$ cat input_3.cif   # mmCIF, C-alpha atoms and all ligand atoms
data_protein
loop_
_atom_site.label_atom_id
_atom_site.label_comp_id
_atom_site.auth_asym_id
_atom_site.auth_seq_id
_atom_site.Cartn_x
_atom_site.Cartn_y
_atom_site.Cartn_z
CA MET R 18 134.40 32.65 118.69
CA ASN R 19 134.11 34.31 115.26
CA LEU R 20 132.57 32.01 112.67
CA ILE R 21 131.48 32.00 109.03
CA LEU R 22 128.98 29.50 107.61
CA LEU R 23 129.48 28.90 103.90
CA GLY R 24 127.54 26.70 101.51
CA PRO R 25 125.05 26.76 98.65
CA PRO R 26 121.42 27.81 99.20
CA GLY R 27 119.54 24.89 100.72
CA ALA R 28 122.64 23.34 102.34
CA GLY R 29 121.09 23.77 105.79
CA LYS R 30 123.10 26.79 106.92
CA GLY R 31 120.11 28.41 108.63
CA THR R 32 119.25 25.27 110.60
CA GLN R 33 122.84 24.71 111.75
CA ALA R 34 123.22 28.42 112.50
CA ALA R 35 120.25 28.32 114.88
CA MET R 36 121.78 25.34 116.74
CA ILE R 37 125.27 26.90 116.89
CA VAL R 38 124.15 30.29 118.24
CA ASP R 39 121.96 28.57 120.79
CA LYS R 40 124.86 26.48 122.10
CA TYR R 41 127.57 29.16 122.02
CA GLN R 42 125.37 32.19 122.77
CA ILE R 43 126.73 34.35 119.95
CA PRO R 44 124.70 36.57 117.62
CA HIS R 45 123.50 35.07 114.33
CA ILE R 46 124.14 37.53 111.53
CA SER R 47 122.32 36.63 108.33
CA THR R 48 122.55 39.27 105.60
CA GLY R 49 119.56 37.60 103.90
CA ASP R 50 117.50 38.08 107.09
CA ILE R 51 118.60 41.72 107.33
CA PHE R 52 117.44 42.30 103.74
CA ARG R 53 114.13 40.48 104.31
CA LYS R 54 113.47 42.61 107.40
CA ASN R 55 114.15 45.75 105.36
CA ILE R 56 111.83 44.51 102.61
CA SER R 57 109.01 43.89 105.09
CA GLU R 58 109.54 47.36 106.57
CA GLY R 59 109.60 48.96 103.09
CA THR R 60 112.95 50.75 103.62
CA ALA R 61 115.02 52.14 100.72
CA LEU R 62 117.58 49.36 101.30
CA GLY R 63 114.80 46.75 101.18
CA ILE R 64 113.38 48.14 97.93
CA LYS R 65 116.83 48.03 96.29
CA ALA R 66 117.71 44.56 97.60
CA LYS R 67 114.36 43.02 96.58
CA GLU R 68 115.08 43.59 92.87
CA TYR R 69 118.13 41.35 93.07
CA MET R 70 116.75 38.83 95.55
CA ASP R 71 113.61 38.10 93.52
CA ARG R 72 115.83 37.17 90.57
CA GLY R 73 118.12 35.02 92.70
CA GLU R 74 121.03 37.38 92.06
CA LEU R 75 123.47 38.82 94.57
CA VAL R 76 122.83 42.26 96.02
CA PRO R 77 125.77 44.55 95.03
CA ASN R 78 128.89 44.20 97.19
CA SER R 79 128.95 47.84 98.28
CA LEU R 80 125.50 47.56 99.91
CA VAL R 81 126.16 44.22 101.58
CA ILE R 82 129.59 45.09 102.95
CA GLU R 83 128.22 48.20 104.61
CA ILE R 84 125.31 46.47 106.33
CA ALA R 85 127.48 43.53 107.47
CA THR R 86 130.32 45.63 108.88
CA ASP R 87 127.85 48.01 110.57
CA ARG R 88 126.26 45.00 112.25
CA LEU R 89 129.67 43.61 113.32
CA GLY R 90 130.40 46.97 114.95
CA GLU R 91 127.54 46.50 117.42
CA ASP R 92 128.35 45.67 121.03
CA ASP R 93 126.91 42.15 121.05
CA CYS R 94 129.49 41.04 118.44
CA LYS R 95 132.50 41.87 120.61
CA ASP R 96 132.79 38.36 122.07
CA GLY R 97 131.93 36.43 118.94
CA PHE R 98 129.49 36.11 116.06
CA LEU R 99 128.25 33.71 113.42
CA LEU R 100 128.05 35.05 109.87
CA ASP R 101 125.52 33.20 107.71
CA GLY R 102 125.35 34.15 104.02
CA PHE R 103 128.17 36.68 104.22
CA PRO R 104 130.69 36.87 102.64
CA ARG R 105 129.43 35.57 99.30
CA THR R 106 132.13 36.98 97.00
CA VAL R 107 135.91 37.30 97.26
CA GLU R 108 135.50 41.08 97.30
CA GLN R 109 133.23 40.78 100.37
CA ALA R 110 135.72 38.43 102.08
CA VAL R 111 138.62 40.83 101.48
CA ALA R 112 136.56 43.73 102.85
CA LEU R 113 135.55 41.64 105.88
CA ASP R 114 139.18 40.70 106.64
CA ALA R 115 140.26 44.33 106.39
CA TYR R 116 137.44 45.42 108.70
CA LEU R 117 138.21 42.71 111.27
CA ARG R 118 141.94 43.57 111.22
CA GLU R 119 141.08 47.21 111.93
CA THR R 120 139.06 46.10 114.95
CA ASP R 121 141.70 43.55 116.13
CA ARG R 122 139.62 40.50 115.38
CA LYS R 123 139.86 37.53 113.03
CA ILE R 124 137.76 34.63 111.80
CA ASP R 125 138.42 31.47 113.83
CA TYR R 126 136.66 28.97 111.57
CA VAL R 127 134.90 28.91 108.22
CA LEU R 128 132.40 26.04 108.20
CA ASP R 129 131.69 24.99 104.62
CA ILE R 130 128.57 22.84 104.26
CA ASP R 131 128.28 21.15 100.88
CA VAL R 132 125.36 19.23 99.36
CA ASP R 133 124.63 17.81 95.87
CA LYS R 134 122.55 20.00 93.58
CA GLU R 135 119.52 17.63 93.31
CA LEU R 136 119.12 17.62 97.06
CA LEU R 137 119.49 21.42 97.23
CA VAL R 138 116.55 22.18 94.94
CA GLU R 139 114.30 19.76 96.85
CA ARG R 140 115.33 21.31 100.15
CA ILE R 141 114.79 24.86 98.91
CA ILE R 142 111.34 24.24 97.41
CA GLY R 143 110.08 22.43 100.52
CA ARG R 144 111.43 25.01 102.97
CA ARG R 145 108.96 26.91 105.15
CA VAL R 146 110.10 29.73 107.43
CA CYS R 147 108.38 31.26 110.47
CA ALA R 148 107.28 34.81 109.70
CA ASP R 149 107.82 35.78 113.36
CA CYS R 150 110.97 34.06 114.67
CA GLY R 151 112.64 32.90 111.42
CA ALA R 152 112.79 29.20 112.41
CA SER R 153 113.13 26.95 109.39
CA PHE R 154 111.11 23.81 108.59
CA HIS R 155 110.68 21.49 105.60
CA VAL R 156 107.37 20.06 104.40
CA THR R 157 108.69 16.48 104.36
CA ASN R 158 112.19 16.38 105.92
CA MET R 159 111.43 18.49 108.99
CA PRO R 160 107.67 19.12 109.19
CA PRO R 161 106.25 21.23 112.00
CA LYS R 162 103.96 19.46 114.51
CA GLU R 163 100.98 21.38 113.14
CA GLU R 164 100.91 22.22 109.43
CA GLY R 165 101.71 25.88 108.75
CA VAL R 166 102.43 26.68 112.41
CA CYS R 167 105.86 27.27 113.98
CA ASP R 168 106.76 24.74 116.72
CA ARG R 169 108.82 27.33 118.55
CA CYS R 170 106.58 30.42 118.69
CA GLN R 171 103.26 29.41 117.03
CA GLY R 172 103.93 31.98 114.27
CA GLN R 173 102.73 31.44 110.71
CA LEU R 174 105.01 29.45 108.39
CA LYS R 175 105.58 30.93 104.93
CA GLN R 176 107.48 30.09 101.79
CA ARG R 177 110.19 32.62 100.94
CA ASN R 178 109.61 34.59 97.71
CA ASP R 179 112.87 33.28 96.27
CA ASP R 180 112.26 29.62 97.25
CA ASN R 181 110.76 28.59 93.89
CA ALA R 182 112.30 26.21 91.32
CA GLU R 183 113.39 28.86 88.83
CA THR R 184 115.00 31.23 91.32
CA ALA R 185 116.52 28.32 93.25
CA ASN R 186 118.35 27.10 90.14
CA ASN R 187 119.64 30.59 89.47
CA ARG R 188 120.80 30.99 93.08
CA ILE R 189 122.72 27.70 92.84
CA GLU R 190 124.37 28.88 89.61
CA VAL R 191 125.24 32.22 91.20
CA TYR R 192 126.73 30.32 94.15
CA ASN R 193 128.89 28.18 91.85
CA LYS R 194 130.17 31.18 89.90
CA GLN R 195 130.51 33.87 92.53
CA THR R 196 130.72 32.23 95.94
CA LYS R 197 132.61 28.96 95.30
CA PRO R 198 135.89 30.84 94.62
CA LEU R 199 135.75 31.75 98.33
CA LEU R 200 136.55 28.13 99.18
CA ASP R 201 140.01 28.58 97.60
CA TYR R 202 140.42 31.90 99.35
CA TYR R 203 139.81 30.33 102.78
CA ASP R 204 141.70 27.11 101.90
CA LYS R 205 144.76 29.31 101.40
CA LEU R 206 144.20 31.00 104.76
CA GLY R 207 143.91 27.53 106.30
CA ASN R 208 140.91 28.10 108.57
CA ILE R 209 138.20 26.31 106.58
CA VAL R 210 136.54 23.00 107.49
CA HIS R 211 134.59 21.09 104.82
CA LEU R 212 131.43 19.32 106.02
CA ASP R 213 128.98 16.93 104.38
CA GLY R 214 125.57 18.63 104.47
CA SER R 215 123.68 15.57 103.21
CA LYS R 216 124.04 14.09 106.71
CA ASN R 217 121.26 14.06 109.25
CA LEU R 218 121.12 17.51 110.86
CA ASN R 219 121.95 16.30 114.39
CA ASP R 220 124.97 14.31 113.15
CA LEU R 221 126.20 17.34 111.23
CA PHE R 222 125.78 19.54 114.30
CA LYS R 223 127.74 17.02 116.38
CA GLU R 224 130.57 17.17 113.86
CA ILE R 225 130.55 20.99 113.97
CA VAL R 226 130.75 20.97 117.77
CA GLU R 227 133.73 18.57 117.60
CA VAL R 228 135.51 20.99 115.26
CA LEU R 229 134.81 23.97 117.50
CA GLU R 230 135.86 22.34 120.80
P1 LIG Q 301 119.95 34.00 102.06
O1 LIG Q 301 118.88 34.26 103.04
O2 LIG Q 301 121.32 33.97 102.67
O3 LIG Q 301 119.67 32.79 101.20
O4 LIG Q 301 119.97 35.26 101.06
C1 LIG Q 301 118.84 35.57 100.25
C2 LIG Q 301 119.26 36.55 99.17
O5 LIG Q 301 119.73 37.77 99.78
C3 LIG Q 301 120.39 36.10 98.25
O6 LIG Q 301 119.93 35.27 97.20
C4 LIG Q 301 120.90 37.45 97.75
O7 LIG Q 301 120.05 38.01 96.77
C5 LIG Q 301 120.79 38.33 99.01
N1 LIG Q 301 122.04 38.26 99.82
C6 LIG Q 301 122.16 37.81 101.09
N2 LIG Q 301 123.43 37.88 101.50
C7 LIG Q 301 124.13 38.40 100.47
C8 LIG Q 301 125.51 38.69 100.27
N3 LIG Q 301 126.42 38.45 101.21
N4 LIG Q 301 125.89 39.22 99.07
C9 LIG Q 301 124.98 39.46 98.11
N5 LIG Q 301 123.68 39.19 98.21
C10 LIG Q 301 123.25 38.65 99.39
#
$ encode --input "input_3.cif" --output "structure tokens" --more "lines below"
Ligand code: AMP
Amino acid sequence: MNLILLGPPGAGKGTQAAMIVDKYQIPHISTGDIFRKNISEGTALGIKAKEYMDRGELVPNSLVIEIATDRLGEDDCKDGFLLDGFPRTVEQAVALDAYLRETDRKIDYVLDIDVDKELLVERIIGRRVCADCGASFHVTNMPPKEEGVCDRCQGQLKQRNDDNAETANNRIEVYNKQTKPLLDYYDKLGNIVHLDGSKNLNDLFKEIVEVLE
């Protein structure tokens, strides 16, 4: 099953992604995670991407398309994948479609999770992410059992550099301008499902499973 998760920052894509890949045993491909890994390793790609990420802007298409298609070329993606945070522009979506056609694959479903802006900012600012396994928590909506410690692997929970009020607002604006046009693109292709991300996370996951089965 080849899936795309779409939605503004803070919509809960990461949380749903973790539940989906666990149930369907497909790789979770998050371009944001790939960039963050490169930043922590101090690679040239990481240094370039950080400039844009710290401002809440999109990393240039040429860089993102290359890392995403390289990743999709790996063996573990042959029987399915979940893309989270890619594509984010129509240009990226067109490049993805062309790449998948070349490799005889297609996207089965685009899951679009939408949430009102007020809720997004609150979710982004309260988000805490495990530095070791990437699991996502929220200080009030989904607190870990022990403050600052990951329930899953006991790693240290941190706030992402770009999860502050100013950058969050910019990221939401960037989403509205550059990523929202993708909804039309996939509406025309007819494989998009619109979901209400203000729902409780287990109810939303149940709805996603109903769509996929
Ligand atoms: P995310 O973890 O998906 O919220 O992504 C964090 C940041 O990484 C974004 O705000 C962008 O700066 C960058 N990024 C991740 N994916 C993409 C993409 N597909 N296109 C452009 N920039 C991206």
$ residues_near_point --input "input_3.cif" --point "(121.0, 26.7, 116.7)" --cutoff "12 Å" --atoms "all atoms listed in the file" --output "PyMOL selection string"
chain R and resi 29-45+99+101+151-153+218-219+222-223+225-226
$ residues_around --input "input_3.cif" --residues "R:Thr86" --least-positions-apart "5" --cutoff "9 Å" --atoms "all atoms listed in the file" --output "list in words"
Val81, Ala112, Leu113, Tyr116 and Leu117 of chain R
$ atom_distance --input "input_3.cif" --atom1 "atom CA of R:Val191" --atom2 "atom CA of R:Ile64"
21.0 Å
$ residues_near_ligand --input "input_3.cif" --ligand "ligand LIG 301 (chain Q)" --cutoff "10 Å" --atoms "all atoms listed in the file" --output "PyMOL selection string"
chain R and resi 23-28+30-31+46-53+66-82+84-85+100-106+108-110+141+177-180+184-185+187-189+191-192+195-196
$ closest_residue --input "input_3.cif" --among "R:Ala182, R:Leu199, R:Val166, R:Leu20" --to "R:Val138" --atoms "only C-alpha atoms"
R:Ala182
$ atom_distance --input "input_3.cif" --atom1 "atom CA of R:Asn19" --atom2 "atom CA of R:His155"
28.4 Å
$ atom_distance --input "input_3.cif" --atom1 "atom CA of R:Arg118" --atom2 "atom CA of R:Glu83"
15.9 Å
$ residues_around --input "input_3.cif" --residues "R:Ile209" --least-positions-apart "3" --cutoff "7 Å" --atoms "only C-alpha atoms" --output "list of chain:residue names"
R:Tyr126, R:Val127, R:Leu128, R:Asp129, R:Tyr203, R:Asp204
$ write_last_selection --input "input_3.cif" --atoms "C-alpha atoms" --output "PDB file, keeping the file's coordinate frame"
ATOM      1  CA  TYR R 126     136.660  28.970 111.570  1.00  0.00           C
ATOM      2  CA  VAL R 127     134.900  28.910 108.220  1.00  0.00           C
ATOM      3  CA  LEU R 128     132.400  26.040 108.200  1.00  0.00           C
ATOM      4  CA  ASP R 129     131.690  24.990 104.620  1.00  0.00           C
ATOM      5  CA  TYR R 203     139.810  30.330 102.780  1.00  0.00           C
ATOM      6  CA  ASP R 204     141.700  27.110 101.900  1.00  0.00           C
TER       7      ASP R 204
END
$ residues_around --input "input_3.cif" --residues "R:Gln176" --least-positions-apart "6" --cutoff "9 Å" --atoms "all atoms listed in the file" --output "CSV table (one decimal) with C-alpha atoms, in the frame of the given file"
chain,number,residue,atom,x,y,z
R,142,ILE,CA,111.3,24.2,97.4
R,143,GLY,CA,110.1,22.4,100.5
R,144,ARG,CA,111.4,25.0,103.0
R,145,ARG,CA,109.0,26.9,105.2
R,146,VAL,CA,110.1,29.7,107.4
R,147,CYS,CA,108.4,31.3,110.5
$ build_atoms --input "input_3.cif" --residues "stretch 90-102 of chain R" --atoms "N, CA and C atoms" --output "PDB file, in the coordinates of the input"
ATOM      1  N   GLY R  90     129.917  45.909 114.063  1.00  0.00           N
ATOM      2  CA  GLY R  90     130.400  46.970 114.950  1.00  0.00           C
ATOM      3  C   GLY R  90     129.537  47.106 116.196  1.00  0.00           C
ATOM      4  N   GLU R  91     128.422  46.385 116.244  1.00  0.00           N
ATOM      5  CA  GLU R  91     127.540  46.500 117.420  1.00  0.00           C
ATOM      6  C   GLU R  91     128.141  45.725 118.611  1.00  0.00           C
ATOM      7  N   ASP R  92     127.778  46.192 119.785  1.00  0.00           N
ATOM      8  CA  ASP R  92     128.350  45.670 121.030  1.00  0.00           C
ATOM      9  C   ASP R  92     128.264  44.159 121.201  1.00  0.00           C
ATOM     10  N   ASP R  93     127.119  43.585 120.796  1.00  0.00           N
ATOM     11  CA  ASP R  93     126.910  42.150 121.050  1.00  0.00           C
ATOM     12  C   ASP R  93     127.842  41.268 120.218  1.00  0.00           C
ATOM     13  N   CYS R  94     128.580  41.857 119.264  1.00  0.00           N
ATOM     14  CA  CYS R  94     129.490  41.040 118.440  1.00  0.00           C
ATOM     15  C   CYS R  94     130.907  41.025 118.987  1.00  0.00           C
ATOM     16  N   LYS R  95     131.131  41.753 120.077  1.00  0.00           N
ATOM     17  CA  LYS R  95     132.500  41.870 120.610  1.00  0.00           C
ATOM     18  C   LYS R  95     133.097  40.522 121.010  1.00  0.00           C
ATOM     19  N   ASP R  96     132.255  39.629 121.582  1.00  0.00           N
ATOM     20  CA  ASP R  96     132.790  38.360 122.070  1.00  0.00           C
ATOM     21  C   ASP R  96     132.500  37.197 121.123  1.00  0.00           C
ATOM     22  N   GLY R  97     132.151  37.500 119.905  1.00  0.00           N
ATOM     23  CA  GLY R  97     131.930  36.430 118.940  1.00  0.00           C
ATOM     24  C   GLY R  97     130.690  36.672 118.101  1.00  0.00           C
ATOM     25  N   PHE R  98     130.637  35.980 116.972  1.00  0.00           N
ATOM     26  CA  PHE R  98     129.490  36.110 116.060  1.00  0.00           C
ATOM     27  C   PHE R  98     129.502  34.944 115.085  1.00  0.00           C
ATOM     28  N   LEU R  99     128.349  34.711 114.493  1.00  0.00           N
ATOM     29  CA  LEU R  99     128.250  33.710 113.420  1.00  0.00           C
ATOM     30  C   LEU R  99     127.698  34.415 112.188  1.00  0.00           C
ATOM     31  N   LEU R 100     128.505  34.453 111.140  1.00  0.00           N
ATOM     32  CA  LEU R 100     128.050  35.050 109.870  1.00  0.00           C
ATOM     33  C   LEU R 100     127.451  33.965 109.000  1.00  0.00           C
ATOM     34  N   ASP R 101     126.233  34.192 108.531  1.00  0.00           N
ATOM     35  CA  ASP R 101     125.520  33.200 107.710  1.00  0.00           C
ATOM     36  C   ASP R 101     125.084  33.899 106.417  1.00  0.00           C
ATOM     37  N   GLY R 102     125.712  33.509 105.297  1.00  0.00           N
ATOM     38  CA  GLY R 102     125.350  34.150 104.020  1.00  0.00           C
ATOM     39  C   GLY R 102     126.193  35.363 103.698  1.00  0.00           C
TER      40      GLY R 102
END
